[in-house]
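**Q** Pasting work.cif here (mmCIF, C-alpha atoms):
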data_input
#
loop_
_atom_site.label_atom_id
_atom_site.label_comp_id
_atom_site.auth_asym_id
_atom_site.auth_seq_id
_atom_site.Cartn_x
_atom_site.Cartn_y
_atom_site.Cartn_z
CA MET A 1 159.89 135.66 89.48
CA ARG A 2 159.71 138.32 92.18
CA LEU A 3 156.77 139.97 93.87
CA ASN A 4 156.47 143.73 93.87
CA ARG A 5 154.67 145.97 96.36
CA ARG A 6 151.51 146.06 94.25
CA HIS A 7 151.28 142.28 94.43
CA PHE A 8 151.53 142.37 98.21
CA LEU A 9 148.84 145.06 98.49
CA HIS A 10 146.58 143.01 96.24
CA LEU A 11 147.24 139.91 98.31
CA SER A 12 146.36 141.73 101.53
CA ALA A 13 143.09 142.94 100.03
CA VAL A 14 142.17 139.43 98.88
CA GLY A 15 142.95 137.96 102.26
CA SER A 16 140.98 140.52 104.23
CA GLY A 17 137.85 140.07 102.14
CA ALA A 18 138.01 136.35 101.54
CA LEU A 19 135.65 135.36 104.35
CA VAL A 20 133.08 138.09 103.68
CA LEU A 21 131.77 136.92 100.31
CA GLY A 22 131.35 133.29 101.33
CA PRO A 23 129.09 130.87 99.49
CA GLY A 24 125.90 129.66 101.11
CA PHE A 25 127.32 126.18 101.61
CA TRP A 26 128.45 126.97 105.09
CA LYS A 27 125.13 128.56 106.02
CA LYS A 28 123.96 124.95 105.84
CA ALA A 29 127.20 123.61 107.24
CA TYR A 30 127.52 119.84 107.24
CA ALA A 31 124.11 119.22 105.71
CA ALA A 32 123.44 116.17 103.57
CA PRO A 33 125.51 115.81 100.38
CA ALA A 34 124.08 117.38 97.22
CA GLN A 35 121.33 115.60 95.34
CA PRO A 36 119.86 116.01 91.83
CA GLY A 37 117.37 118.81 91.33
CA PRO A 38 116.40 121.69 89.06
CA SER A 39 119.06 124.14 87.92
CA PRO A 40 118.62 127.80 88.83
CA TYR A 41 119.16 128.47 85.11
CA GLY A 42 116.54 126.01 83.91
CA ALA A 43 117.06 123.00 81.68
CA ILE A 44 119.75 122.97 79.00
CA SER A 45 118.54 123.10 75.41
CA GLY A 46 117.50 119.94 73.63
CA SER A 47 119.75 120.68 70.66
CA PRO A 48 123.26 122.16 70.52
CA ASP A 49 124.16 125.58 69.16
CA ALA A 50 126.45 126.13 66.16
CA GLN A 51 129.48 125.33 68.34
CA GLY A 52 128.03 122.02 69.55
CA VAL A 53 127.17 123.32 73.04
CA ARG A 54 123.82 122.74 74.75
CA LEU A 55 123.07 125.67 77.06
CA PRO A 56 120.21 127.09 79.15
CA ALA A 57 118.04 129.80 77.62
CA GLY A 58 119.76 133.19 77.49
CA PHE A 59 123.32 131.83 77.20
CA ALA A 60 125.57 131.76 74.14
CA SER A 61 128.94 130.25 73.24
CA ARG A 62 131.84 131.03 70.95
CA ILE A 63 135.09 129.24 70.14
CA ILE A 64 138.22 131.08 71.25
CA ALA A 65 140.91 128.71 70.00
CA ARG A 66 141.55 125.36 68.36
CA THR A 67 144.59 123.10 68.70
CA GLY A 68 147.03 123.54 65.83
CA GLU A 69 145.36 126.70 64.52
CA VAL A 70 146.26 130.35 64.93
CA VAL A 71 144.14 131.99 67.62
CA PRO A 72 141.88 134.44 65.71
CA GLY A 73 143.14 138.01 66.06
CA THR A 74 146.70 136.88 66.88
CA SER A 75 149.69 135.17 65.28
CA TYR A 76 149.93 132.46 67.97
CA THR A 77 149.20 128.79 67.29
CA TRP A 78 147.16 127.17 70.07
CA HIS A 79 148.62 124.21 71.94
CA GLY A 80 147.42 120.61 72.04
CA SER A 81 145.47 118.90 74.82
CA PRO A 82 144.27 122.06 76.60
CA ASP A 83 143.62 121.38 80.28
CA GLY A 84 143.45 123.41 83.51
CA GLY A 85 142.98 127.17 83.34
CA ALA A 86 142.22 130.38 85.21
CA CYS A 87 141.52 134.06 84.55
CA PHE A 88 143.52 137.10 85.64
CA ALA A 89 142.63 140.79 85.51
CA THR A 90 145.06 142.90 83.48
CA GLY A 91 144.52 146.26 85.18
CA ASP A 92 143.22 147.95 82.03
CA GLY A 93 139.73 146.47 82.16
CA GLY A 94 140.73 143.32 80.31
CA TRP A 95 141.77 139.87 81.43
CA VAL A 96 143.86 136.84 80.51
CA TYR A 97 142.78 133.20 80.35
CA THR A 98 145.59 130.70 80.91
CA SER A 99 145.46 127.13 79.63
CA ASN A 100 147.76 124.19 80.31
CA SER A 101 148.87 121.67 77.69
CA GLU A 102 148.76 118.04 78.83
CA LEU A 103 151.00 116.86 76.01
CA PRO A 104 153.66 114.41 77.28
CA LEU A 105 156.34 116.22 75.27
CA GLY A 106 156.51 120.01 75.25
CA GLY A 107 153.57 120.46 77.61
CA GLY A 108 153.60 123.89 79.20
CA ALA A 109 150.92 126.57 79.18
CA SER A 110 149.60 129.37 77.00
CA ALA A 111 147.52 132.51 77.55
CA VAL A 112 144.88 134.44 75.63
CA ARG A 113 144.50 138.14 76.40
CA PHE A 114 141.18 140.01 76.08
CA ASP A 115 140.40 143.71 76.14
CA GLY A 116 137.61 145.17 78.25
CA GLY A 117 135.06 144.36 75.59
CA GLY A 118 136.01 140.69 75.44
CA ASN A 119 137.91 140.93 72.16
CA VAL A 120 141.01 138.77 71.77
CA VAL A 121 144.05 141.01 71.46
CA SER A 122 146.97 138.58 71.83
CA ALA A 123 148.02 135.03 72.70
CA TYR A 124 151.39 133.71 73.80
CA ARG A 125 153.38 131.01 75.59
CA ILE A 126 153.97 131.29 79.36
CA LEU A 127 155.63 127.89 79.94
CA GLY A 128 157.36 125.36 77.73
CA ASN A 129 159.42 122.17 77.71
CA THR A 130 157.60 120.53 80.59
CA VAL A 131 155.64 117.26 80.86
CA SER A 132 151.88 116.63 80.90
CA ASN A 133 150.75 119.92 82.43
CA CYS A 134 147.33 118.99 83.70
CA ALA A 135 145.61 121.45 86.03
CA GLY A 136 147.05 123.96 88.49
CA GLY A 137 145.71 127.08 90.12
CA PRO A 138 145.90 130.88 90.35
CA THR A 139 147.62 132.70 93.20
CA PRO A 140 146.37 135.90 94.90
CA TRP A 141 149.55 137.61 93.69
CA ASN A 142 148.53 136.99 90.06
CA THR A 143 150.71 134.08 89.01
CA TRP A 144 149.60 130.81 87.46
CA LEU A 145 150.76 127.54 89.06
CA SER A 146 151.00 124.89 86.34
CA CYS A 147 151.13 121.27 87.53
CA GLU A 148 152.91 118.36 85.84
CA GLU A 149 150.92 115.13 86.11
CA TRP A 150 153.47 112.32 86.38
CA ASP A 151 155.19 110.72 89.36
CA GLY A 152 158.25 112.94 88.91
CA GLY A 153 156.17 116.04 88.25
CA HIS A 154 156.60 119.50 89.75
CA VAL A 155 154.71 122.78 89.99
CA TRP A 156 155.82 125.71 87.82
CA GLU A 157 155.01 129.32 88.71
CA CYS A 158 154.23 131.42 85.63
CA ASP A 159 153.55 135.05 84.76
CA PRO A 160 150.20 134.97 82.92
CA LEU A 161 150.38 138.58 81.75
CA ASN A 162 153.53 138.33 79.63
CA PRO A 163 155.27 135.86 77.31
CA SER A 164 157.68 134.08 79.63
CA GLN A 165 159.06 130.83 81.01
CA GLY A 166 157.88 129.63 84.41
CA VAL A 167 159.96 128.95 87.52
CA GLU A 168 160.09 125.42 88.91
CA ARG A 169 158.89 125.19 92.54
CA LYS A 170 160.34 121.86 93.69
CA GLU A 171 159.48 122.44 97.35
CA LEU A 172 155.81 121.93 96.46
CA GLY A 173 156.54 118.24 95.98
CA THR A 174 157.51 115.63 93.43
CA PHE A 175 154.45 113.59 92.43
CA ALA A 176 151.64 113.35 89.86
CA HIS A 177 150.34 116.85 90.48
CA GLU A 178 146.81 117.66 89.40
CA ALA A 179 145.70 120.96 90.91
CA VAL A 180 146.62 123.50 93.58
CA ALA A 181 144.61 126.06 95.54
CA VAL A 182 145.96 128.95 97.61
CA ASP A 183 144.47 129.92 100.97
CA PRO A 184 145.47 133.58 101.49
CA VAL A 185 144.05 133.68 105.02
CA GLY A 186 145.81 130.60 106.37
CA ARG A 187 148.78 131.35 104.09
CA ARG A 188 149.02 127.81 102.74
CA LEU A 189 148.66 125.94 99.46
CA TYR A 190 146.63 122.74 98.99
CA LEU A 191 147.51 120.19 96.30
CA THR A 192 145.89 117.09 94.79
CA GLU A 193 147.63 114.01 93.39
CA ASP A 194 146.14 112.09 90.45
CA ARG A 195 146.72 108.50 91.52
CA SER A 196 144.41 105.91 93.06
CA ASN A 197 146.68 105.93 96.12
CA GLY A 198 147.45 109.65 95.92
CA ARG A 199 147.53 112.02 98.86
CA PHE A 200 146.05 115.40 99.65
CA TYR A 201 148.90 117.79 100.46
CA ARG A 202 149.42 121.22 101.95
CA PHE A 203 152.44 123.49 101.65
CA THR A 204 153.34 126.18 104.17
CA PRO A 205 155.81 128.73 102.73
CA SER A 206 158.70 129.73 104.97
CA ASN A 207 158.40 133.34 103.84
CA TRP A 208 154.86 134.01 102.59
CA PRO A 209 154.13 134.44 99.73
CA SER A 210 157.43 133.19 98.29
CA LEU A 211 157.29 129.55 97.17
CA GLU A 212 161.04 129.04 97.21
CA SER A 213 161.03 127.12 100.52
CA GLY A 214 158.60 125.74 103.05
CA THR A 215 157.08 122.64 104.64
CA LEU A 216 155.16 119.98 102.71
CA GLU A 217 152.63 117.79 104.53
CA ALA A 218 150.11 115.07 103.66
CA ALA A 219 146.70 114.59 105.24
CA ARG A 220 145.18 111.89 107.42
CA ILE A 221 141.40 111.59 107.79
CA SER A 222 139.74 110.97 111.13
CA GLY A 223 135.97 110.59 111.39
CA ASP A 224 133.14 110.35 108.86
CA ALA A 225 133.37 112.82 105.97
CA LEU A 226 129.92 111.87 104.62
CA ALA A 227 128.41 112.80 107.98
CA GLY A 228 130.45 116.00 108.10
CA THR A 229 132.27 114.93 111.25
CA ALA A 230 135.70 114.24 109.77
CA THR A 231 138.84 116.24 110.41
CA LEU A 232 142.27 116.33 108.82
CA SER A 233 145.58 116.06 110.60
CA TRP A 234 148.82 116.77 108.80
CA HIS A 235 152.15 114.92 108.66
CA LYS A 236 155.40 116.23 107.26
CA VAL A 237 156.67 114.53 104.11
CA SER A 238 159.69 114.90 101.86
CA ALA A 239 159.28 116.99 98.71
CA SER A 240 161.59 114.69 96.76
CA VAL A 241 159.26 111.71 96.13
CA PRO A 242 155.51 111.00 96.36
CA ALA A 243 154.22 110.55 99.91
CA TRP A 244 152.96 107.02 99.14
CA LEU A 245 156.60 105.98 98.60
CA GLN A 246 157.62 107.33 102.00
CA LEU A 247 157.28 105.92 105.51
CA ALA A 248 154.63 108.60 106.00
CA ALA A 249 152.33 106.46 103.82
CA LEU A 250 151.63 104.41 106.96
CA TRP A 251 149.94 107.32 108.73
CA THR A 252 148.47 109.39 105.89
CA SER A 253 145.27 108.72 103.93
CA ALA A 254 144.87 107.81 100.28
CA PHE A 255 142.48 109.86 98.12
CA ASP A 256 141.28 107.98 95.05
CA GLY A 257 142.41 110.03 92.05
CA GLY A 258 142.71 113.64 93.19
CA GLU A 259 141.55 116.11 90.54
CA GLY A 260 140.37 119.73 90.66
CA CYS A 261 141.08 121.98 93.65
CA TRP A 262 139.75 125.48 94.33
CA TYR A 263 139.78 127.87 97.30
CA ASP A 264 136.83 130.14 98.00
CA SER A 265 135.85 132.07 101.11
CA GLY A 266 137.60 129.95 103.70
CA VAL A 267 136.92 126.58 102.06
CA VAL A 268 139.11 124.36 99.88
CA TYR A 269 137.05 122.30 97.43
CA PHE A 270 138.57 119.31 95.65
CA THR A 271 137.40 116.28 93.67
CA THR A 272 138.40 112.62 93.48
CA LYS A 273 137.55 110.78 90.28
CA GLY A 274 138.01 107.20 91.54
CA ASP A 275 134.96 107.49 93.81
CA ASN A 276 133.30 110.48 92.06
CA ARG A 277 133.26 112.74 95.09
CA VAL A 278 133.47 116.45 95.76
CA TRP A 279 135.08 117.35 99.08
CA ALA A 280 135.15 120.52 101.17
CA HIS A 281 137.90 121.24 103.69
CA THR A 282 137.76 124.18 106.10
CA PRO A 283 141.36 124.95 107.10
CA ALA A 284 140.35 127.19 110.02
CA THR A 285 138.63 124.29 111.80
CA GLY A 286 140.25 121.25 110.18
CA ARG A 287 136.82 119.98 109.07
CA LEU A 288 136.45 117.74 106.03
CA GLU A 289 133.10 117.02 104.39
CA ILE A 290 131.92 115.15 101.30
CA ILE A 291 129.45 117.51 99.67
CA TYR A 292 128.77 115.28 96.65
CA ASP A 293 128.96 111.52 96.12
CA ASP A 294 127.32 110.15 92.99
CA GLY A 295 127.13 106.73 94.63
CA LEU A 296 124.31 108.11 96.77
CA HIS A 297 122.16 109.06 93.76
CA PRO A 298 122.35 106.69 90.75
CA ASP A 299 120.28 109.17 88.71
CA SER A 300 122.68 112.06 89.31
CA PRO A 301 123.81 113.98 86.20
CA LEU A 302 127.36 114.48 87.52
CA THR A 303 129.85 111.68 86.86
CA GLY A 304 133.56 111.65 86.09
CA VAL A 305 134.26 114.63 88.35
CA ASP A 306 137.34 116.61 87.35
CA ASN A 307 138.24 120.33 87.32
CA VAL A 308 136.26 122.62 89.61
CA THR A 309 135.75 126.35 90.03
CA VAL A 310 133.41 128.61 92.03
CA SER A 311 131.24 131.42 90.67
CA ARG A 312 130.53 134.75 92.35
CA SER A 313 127.20 133.33 93.57
CA GLY A 314 128.95 130.50 95.39
CA ASP A 315 127.89 127.82 92.92
CA LEU A 316 130.46 125.10 92.28
CA TYR A 317 131.02 124.33 88.59
CA VAL A 318 132.38 120.80 88.13
CA ALA A 319 133.66 119.60 84.74
CA GLU A 320 133.28 116.00 83.63
CA ASP A 321 136.00 113.74 82.30
CA GLY A 322 133.79 111.41 80.30
CA GLY A 323 130.29 110.99 81.65
CA ASP A 324 127.87 113.03 79.53
CA LEU A 325 130.53 115.68 78.82
CA GLN A 326 128.76 118.21 80.97
CA ILE A 327 129.69 120.99 83.32
CA CYS A 328 127.38 120.60 86.29
CA ILE A 329 126.71 123.02 89.11
CA ILE A 330 126.29 122.32 92.80
CA THR A 331 124.30 125.13 94.35
CA PRO A 332 124.58 126.47 97.91
CA ASP A 333 121.29 124.66 98.58
CA ARG A 334 123.05 121.36 97.82
CA VAL A 335 121.35 120.75 94.46
CA VAL A 336 123.35 119.30 91.57
CA ALA A 337 122.22 119.94 87.98
CA PRO A 338 123.66 120.18 84.44
CA PHE A 339 124.68 123.64 83.27
CA LEU A 340 125.98 122.79 79.78
CA GLN A 341 126.78 119.80 77.62
CA LEU A 342 128.97 119.18 74.56
CA GLU A 343 127.62 117.19 71.61
CA GLY A 344 129.85 115.22 69.26
CA HIS A 345 132.89 115.22 71.56
CA ALA A 346 132.87 111.51 72.46
CA GLY A 347 136.24 110.42 73.81
CA SER A 348 137.12 113.89 75.06
CA GLU A 349 136.89 115.55 78.48
CA ILE A 350 135.92 119.02 79.66
CA THR A 351 138.80 120.93 81.22
CA GLY A 352 139.83 124.31 82.57
CA PRO A 353 136.56 125.94 83.71
CA ALA A 354 137.24 129.51 84.85
CA PHE A 355 135.27 132.74 85.14
CA SER A 356 136.37 136.12 83.86
CA PRO A 357 137.12 138.57 86.71
CA ASP A 358 133.66 140.16 86.41
CA GLY A 359 131.97 136.75 86.55
CA HIS A 360 130.11 137.25 83.26
CA ARG A 361 132.05 134.81 81.09
CA LEU A 362 132.95 131.15 81.58
CA TYR A 363 135.91 129.61 79.77
CA PHE A 364 136.62 125.90 79.32
CA SER A 365 138.06 123.44 76.82
CA SER A 366 137.23 120.14 75.22
CA GLN A 367 140.63 118.52 75.47
CA ARG A 368 140.38 116.36 72.36
CA GLY A 369 137.43 117.99 70.61
CA THR A 370 135.51 116.07 67.96
CA ASN A 371 138.58 114.94 66.02
CA GLY A 372 141.39 114.61 68.56
CA ARG A 373 142.20 118.33 68.52
CA GLY A 374 141.32 120.53 71.48
CA VAL A 375 138.78 123.34 71.40
CA THR A 376 138.58 126.24 73.87
CA PHE A 377 135.21 127.90 74.45
CA GLU A 378 133.69 130.99 76.02
CA VAL A 379 130.12 131.07 77.38
CA THR A 380 128.31 134.34 78.14
CA GLY A 381 124.94 134.92 79.70
CA PRO A 382 123.02 135.90 82.83
CA PHE A 383 125.26 134.28 85.41
CA ARG A 384 123.81 134.98 88.82
#
Would you mind giving the structure from this file in structure tokens?
**A**
Amino acid sequence: MRLNRRHFLHLSAVGSGALVLGPGFWKKAYAAPAQPGPSPYGAISGSPDAQGVRLPAGFASRIIARTGEVVPGTSYTWHGSPDGGACFATGDGGWVYTSNSELPLGGGASAVRFDGGGNVVSAYRILGNTVSNCAGGPTPWNTWLSCEEWDGGHVWECDPLNPSQGVERKELGTFAHEAVAVDPVGRRLYLTEDRSNGRFYRFTPSNWPSLESGTLEAARISGDALAGTATLSWHKVSASVPAWLQLAALWTSAFDGGEGCWYDSGVVYFTTKGDNRVWAHTPATGRLEIIYDDGLHPDSPLTGVDNVTVSRSGDLYVAEDGGDLQICIITPDRVVAPFLQLEGHAGSEITGPAFSPDGHRLYFSSQRGTNGRGVTFEVTGPFR
């Protein structure tokens, strides 16, 4: 997979504007972690809609795809165990939503393409014959990084706009990958590891933005992240085995079940499910802060933190694995509240939250649905 001049121009534009549209979090830098409060969208409905989704007033949902069924409007059969996802503009006013498959055999990723009016026009495979593709992340040069979640797992770089087979990027490490976020300003990638003794990694390409070679490092925490006084230092590790199996385990820090990871406006957000925390790392300063810890507020609606994304307003949207099967938001004013909830999906988890390029539509999946088969949704409404 090669990058053309258009990709580089797009990347430059993203990098130059990335710090301008920042969320309000850092206007209140290193304030107290988020606490429960009212949602800017109001309470979610007391009863679900026809798709089983409880939403605030003014919002609506539809089902885009179901596991084992042909995606309506296409001839493509949707994959099982849909997980991490992202949206990509197509250049003709439309967009593509990618979705991983966390199946242990076959795995891979698929894509659904929409026209400018939001109509499904095609669906297709962009990666196959991989193992337990959990989350991942988009790149500024419009590729999808699909992560294999097992101790021998790798990251695969995929073309989301065309039927294709991804390229394995072994230099990004061999471990139980969960998610990856790209910092186009610092020209680095940040990666989470889904193990109780997992590490938080960063990758520095040798020849940005190519991912064919580079340096992999794992983080060490110094200071108090709850107080906002922590910093990260970085230590080189081998890409051939997980960092916790290397000598570097002695001087790097464990993160308890790394999950979602997302870059926005100079900040890398990531979650850890073992302690139900949302973290914020500022690469430019090295700062690390815990912006949400449900142990501080027993009445908090957000538990089982998992995938995360950021809206155009700077709100964090955090999906639950278990809990009340909600997507909750954390606002720039450090308020956490439910945004939506699934009914009848006990035993499932919410995965793959991602906004369309214009910010007006939110996509996500219920990995196992109501009957063991995944369901992929779209929500529209007055997103701020």
**Q** Between A:Gln51, A:Thr303, A:Thr331, A:Ser122, which is the closest to A:Thr370 once you count all atoms listed in the file?
**A**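 Ranked by minimum distance to A:Thr370, first place goes to A:Gln51.
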**Q** Within 7 Å of stretch 124-137 of chain A, counting all atoms listed in the file, which residues qualify if same-chain residues fewer than 6 places away don't, as a ChimeraX atom specification?
**A** /A:76,83-86,100-112,144-149,158-160,163-166,178-181
**Q** Please determine, counting all atoms listed in the file, which residue among A:Val267, A:Ala176, A:Ala32, A:Ile44 has the shortest atom-to-atom distance to A:Phe339.
**A**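 Smallest distance to A:Phe339 is found for A:Ile44.
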**Q** Interatomic distance between atom CA of A:Gly117 and atom CA of A:Ser47?
**A**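 Calculated distance between atom CA of A:Gly117 and atom CA of A:Ser47 is 28.6 Å.
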**Q** Which residues are close to A:Ala34, i.e. within 10 Å by all atoms listed in the file, leaving aside same-chain residues fewer than 4 positions away? Reply as a PyMOL selection string.
**A** chain A and resi 278+290-294+296-297+300+330-337
**Q** Output the selection as a PDB file, keeping the file's coordinate frame - C-alpha atoms for each residue.
**A**
ATOM      1  CA  VAL A 278     133.470 116.450  95.760  1.00  0.00           C
ATOM      2  CA  ILE A 290     131.920 115.150 101.300  1.00  0.00           C
ATOM      3  CA  ILE A 291     129.450 117.510  99.670  1.00  0.00           C
ATOM      4  CA  TYR A 292     128.770 115.280  96.650  1.00  0.00           C
ATOM      5  CA  ASP A 293     128.960 111.520  96.120  1.00  0.00           C
ATOM      6  CA  ASP A 294     127.320 110.150  92.990  1.00  0.00           C
ATOM      7  CA  LEU A 296     124.310 108.110  96.770  1.00  0.00           C
ATOM      8  CA  HIS A 297     122.160 109.060  93.760  1.00  0.00           C
ATOM      9  CA  SER A 300     122.680 112.060  89.310  1.00  0.00           C
ATOM     10  CA  ILE A 330     126.290 122.320  92.800  1.00  0.00           C
ATOM     11  CA  THR A 331     124.300 125.130  94.350  1.00  0.00           C
ATOM     12  CA  PRO A 332     124.580 126.470  97.910  1.00  0.00           C
ATOM     13  CA  ASP A 333     121.290 124.660  98.580  1.00  0.00           C
ATOM     14  CA  ARG A 334     123.050 121.360  97.820  1.00  0.00           C
ATOM     15  CA  VAL A 335     121.350 120.750  94.460  1.00  0.00           C
ATOM     16  CA  VAL A 336     123.350 119.300  91.570  1.00  0.00           C
ATOM     17  CA  ALA A 337     122.220 119.940  87.980  1.00  0.00           C
TER      18      ALA A 337
END
**Q** When distances are computed from only C-alpha atoms, which of A:Thr174, A:Thr380, A:Gln341, A:Ser45 shows the smallest separation from A:Ser356?
**A**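 The shortest atom-to-atom distance to A:Ser356 comes from A:Thr380.
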**Q** Taking all atoms listed in the file into account, which of A:Ser99, A:Ser233, A:Ser313, A:Ser196 comes nearest A:Lys273?
**A**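 Nearest candidate to A:Lys273 out of A:Ser99, A:Ser233, A:Ser313, A:Ser196: A:Ser196.
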**Q** Taking the file above as input, evaluate the PyMOL selection byres ((chain A and resi 236) around 12) and report the hits as a PDB file with C-alpha atoms, in the frame of the given file.
**A**
ATOM      1  CA  GLY A 173     156.540 118.240  95.980  1.00  0.00           C
ATOM      2  CA  TYR A 201     148.900 117.790 100.460  1.00  0.00           C
ATOM      3  CA  ARG A 202     149.420 121.220 101.950  1.00  0.00           C
ATOM      4  CA  PHE A 203     152.440 123.490 101.650  1.00  0.00           C
ATOM      5  CA  THR A 204     153.340 126.180 104.170  1.00  0.00           C
ATOM      6  CA  GLY A 214     158.600 125.740 103.050  1.00  0.00           C
ATOM      7  CA  THR A 215     157.080 122.640 104.640  1.00  0.00           C
ATOM      8  CA  LEU A 216     155.160 119.980 102.710  1.00  0.00           C
ATOM      9  CA  GLU A 217     152.630 117.790 104.530  1.00  0.00           C
ATOM     10  CA  ALA A 218     150.110 115.070 103.660  1.00  0.00           C
ATOM     11  CA  ALA A 219     146.700 114.590 105.240  1.00  0.00           C
ATOM     12  CA  ARG A 220     145.180 111.890 107.420  1.00  0.00           C
ATOM     13  CA  SER A 233     145.580 116.060 110.600  1.00  0.00           C
ATOM     14  CA  TRP A 234     148.820 116.770 108.800  1.00  0.00           C
ATOM     15  CA  HIS A 235     152.150 114.920 108.660  1.00  0.00           C
ATOM     16  CA  VAL A 237     156.670 114.530 104.110  1.00  0.00           C
ATOM     17  CA  SER A 238     159.690 114.900 101.860  1.00  0.00           C
ATOM     18  CA  ALA A 239     159.280 116.990  98.710  1.00  0.00           C
ATOM     19  CA  ALA A 243     154.220 110.550  99.910  1.00  0.00           C
ATOM     20  CA  GLN A 246     157.620 107.330 102.000  1.00  0.00           C
ATOM     21  CA  LEU A 247     157.280 105.920 105.510  1.00  0.00           C
ATOM     22  CA  ALA A 248     154.630 108.600 106.000  1.00  0.00           C
ATOM     23  CA  ALA A 249     152.330 106.460 103.820  1.00  0.00           C
ATOM     24  CA  TRP A 251     149.940 107.320 108.730  1.00  0.00           C
ATOM     25  CA  THR A 252     148.470 109.390 105.890  1.00  0.00           C
TER      26      THR A 252
END
**Q** Excluding A:Val305 and residues on its chain fewer than 4 positions from it, collect all residues at most 8 Å away from it, counting all atoms listed in the file, and give them as a PyMOL selection string.
**A** chain A and resi 259+271-273+276-278+318-321
**Q** How many Å lie between atom CA of A:Ser206 and atom CA of A:Gly286, rounded to one decimal?
**A**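 If I compute the distance from atom CA of A:Ser206 to atom CA of A:Gly286, I get 21.0 Å.
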